[in-house]
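Please read the structure below before turning to the comments.
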Amino acid sequence: MYRLQGSIEIIEAELASNPTSKDAQESLKVLQGSFDRLKMDLDPHNWEIIQTWQAKKKLYSDAEYKFTVREKEIVSKHILESLSHNSNT
């Protein structure tokens, strides 16, 4: 699906610069059809994870991770300093 999406984006860029290209239009239809068929086999929960992946990735790459448990905010630091004053992630 990732490679198909990349191919779709390339062809869409081609169509933006040359909207009358019949070959690009036909290729886009074929690729989009293949993508849609594969997506139907994917669990909807997994599709949601894929769609929100960048936000989840940012959440864990920040210096702190915040979450709520029983209406209390918990903060977990991702960067720690050792006794020798080296920063570790």
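Going by the structure tokens order, chains are called A, B, ..., each with residues numbered from 1, while ligands are numbered from 1 in the order shown.
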Helix (DSSP H, G or I) call set, DSSP backbone run, chain A, as a count of residues only: 52
Contact residues around stretch 75-86 of chain A with only C-alpha atoms at 10 Å, ignoring same-chain residues under 6 positions, as an NGL selection string: :A and (60-68)
Next, the residues of the selection above should be written as a PDB file, in the first residue's frame with C-alpha atoms.
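Listed below is the output, result-v7.pdb:
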ATOM      1  CA  TYR A  60       7.004   9.414  21.526  1.00  0.00           C
ATOM      2  CA  SER A  61       9.905  11.440  20.100  1.00  0.00           C
ATOM      3  CA  ASP A  62       9.220  14.540  22.194  1.00  0.00           C
ATOM      4  CA  ALA A  63      11.272  15.169  25.345  1.00  0.00           C
ATOM      5  CA  GLU A  64       8.272  14.296  27.506  1.00  0.00           C
ATOM      6  CA  TYR A  65       5.369  11.886  27.156  1.00  0.00           C
ATOM      7  CA  LYS A  66       2.155  13.007  28.847  1.00  0.00           C
ATOM      8  CA  PHE A  67      -0.881  10.853  29.494  1.00  0.00           C
ATOM      9  CA  THR A  68      -3.823  10.864  31.863  1.00  0.00           C
TER      10      THR A  68
END
Exercise: stretch 11-17 of chain A partners within 12 Å, only C-alpha atoms, chain neighbours under 3 positions left out, as a short mmCIF file (atom, residue, chain, number, x, y, z; two decimals) with C-alpha atoms, in the first residue's frame:
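This is the output file part-v7.cif:
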data_model
loop_
_atom_site.label_atom_id
_atom_site.label_comp_id
_atom_site.auth_asym_id
_atom_site.auth_seq_id
_atom_site.Cartn_x
_atom_site.Cartn_y
_atom_site.Cartn_z
CA LEU A 4 1.12 2.20 -4.37
CA GLN A 5 0.43 5.45 -2.49
CA GLY A 6 3.82 6.80 -3.57
CA SER A 7 3.10 5.90 -7.17
CA ILE A 8 -0.33 7.52 -6.96
CA THR A 20 -4.88 15.94 -20.35
CA SER A 21 -2.49 12.97 -20.19
CA LYS A 22 -4.67 9.93 -20.92
CA ASP A 23 -1.87 7.51 -19.93
CA ALA A 24 -1.49 9.15 -16.52
CA GLN A 25 -5.27 9.17 -15.98
CA GLU A 26 -5.53 5.47 -16.81
CA SER A 27 -2.52 4.60 -14.64
CA LEU A 28 -4.03 6.53 -11.76
CA LYS A 29 -7.30 4.57 -12.04
CA VAL A 30 -5.46 1.23 -12.04
CA LEU A 31 -3.24 2.14 -9.09
CA GLN A 32 -6.13 3.59 -7.08
#
Quick one: DSSP strand (DSSP E) residues in stretch 21-88 of chain A, as a list in words? Glu64, Tyr65, Lys66, Phe67, Thr68, Val69, Lys72, Glu73, Ile74, Val75, Ser76, Lys77, Leu80, Glu81, Ser87 and Asn88 of chain A
Store the residues picked out above in a file with N, CA, C and O atoms, as a tab-separated table (two decimals), in the first residue's frame.
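Produced file part-v1.tsv, reproduced below:
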chain	number	residue	atom	x	y	z
A	64	GLU	N	9.15	14.82	26.47
A	64	GLU	CA	8.27	14.30	27.51
A	64	GLU	C	7.07	13.60	26.88
A	64	GLU	O	6.61	14.00	25.82
A	65	TYR	N	6.58	12.57	27.57
A	65	TYR	CA	5.37	11.89	27.16
A	65	TYR	C	4.34	12.12	28.25
A	65	TYR	O	4.58	11.81	29.42
A	66	LYS	N	3.21	12.70	27.88
A	66	LYS	CA	2.16	13.01	28.85
A	66	LYS	C	0.93	12.15	28.55
A	66	LYS	O	0.54	11.99	27.40
A	67	PHE	N	0.35	11.61	29.61
A	67	PHE	CA	-0.88	10.85	29.49
A	67	PHE	C	-1.68	11.01	30.78
A	67	PHE	O	-1.15	11.45	31.79
A	68	THR	N	-2.93	10.67	30.73
A	68	THR	CA	-3.82	10.86	31.86
A	68	THR	C	-4.29	9.52	32.41
A	68	THR	O	-4.70	8.65	31.65
A	69	VAL	N	-4.21	9.39	33.74
A	69	VAL	CA	-4.70	8.22	34.43
A	69	VAL	C	-5.57	8.70	35.58
A	69	VAL	O	-5.12	9.47	36.42
A	72	LYS	N	-5.62	12.35	36.35
A	72	LYS	CA	-4.35	12.93	36.77
A	72	LYS	C	-3.36	12.82	35.61
A	72	LYS	O	-3.21	11.75	35.02
A	73	GLU	N	-2.69	13.93	35.30
A	73	GLU	CA	-1.73	13.92	34.19
A	73	GLU	C	-0.39	13.38	34.68
A	73	GLU	O	0.16	13.83	35.68
A	74	ILE	N	0.12	12.38	33.96
A	74	ILE	CA	1.41	11.76	34.26
A	74	ILE	C	2.39	12.22	33.18
A	74	ILE	O	2.08	12.20	32.00
A	75	VAL	N	3.59	12.63	33.62
A	75	VAL	CA	4.63	13.08	32.69
A	75	VAL	C	5.82	12.14	32.81
A	75	VAL	O	6.35	11.93	33.91
A	76	SER	N	6.22	11.57	31.69
A	76	SER	CA	7.38	10.68	31.64
A	76	SER	C	8.44	11.35	30.77
A	76	SER	O	8.19	11.66	29.60
A	77	LYS	N	9.60	11.60	31.33
A	77	LYS	CA	10.68	12.23	30.58
A	77	LYS	C	11.40	11.18	29.74
A	77	LYS	O	11.71	10.10	30.22
A	80	LEU	N	17.04	11.43	29.96
A	80	LEU	CA	17.52	11.34	31.33
A	80	LEU	C	19.00	11.73	31.38
A	80	LEU	O	19.73	11.57	30.41
A	81	GLU	N	19.42	12.21	32.52
A	81	GLU	CA	20.83	12.56	32.67
A	81	GLU	C	21.45	11.60	33.68
A	81	GLU	O	20.93	11.41	34.78
A	87	SER	N	23.53	12.78	28.64
A	87	SER	CA	22.11	12.65	28.35
A	87	SER	C	21.85	11.37	27.61
A	87	SER	O	22.57	11.02	26.68
A	88	ASN	N	20.83	10.66	28.04
A	88	ASN	CA	20.45	9.40	27.40
A	88	ASN	C	18.98	9.47	27.02
A	88	ASN	O	18.17	10.00	27.77
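For the atom pair formed by atom CA of A:Ser34 and atom CA of A:Met1, the distance is 8.6 Å, given to one decimal.
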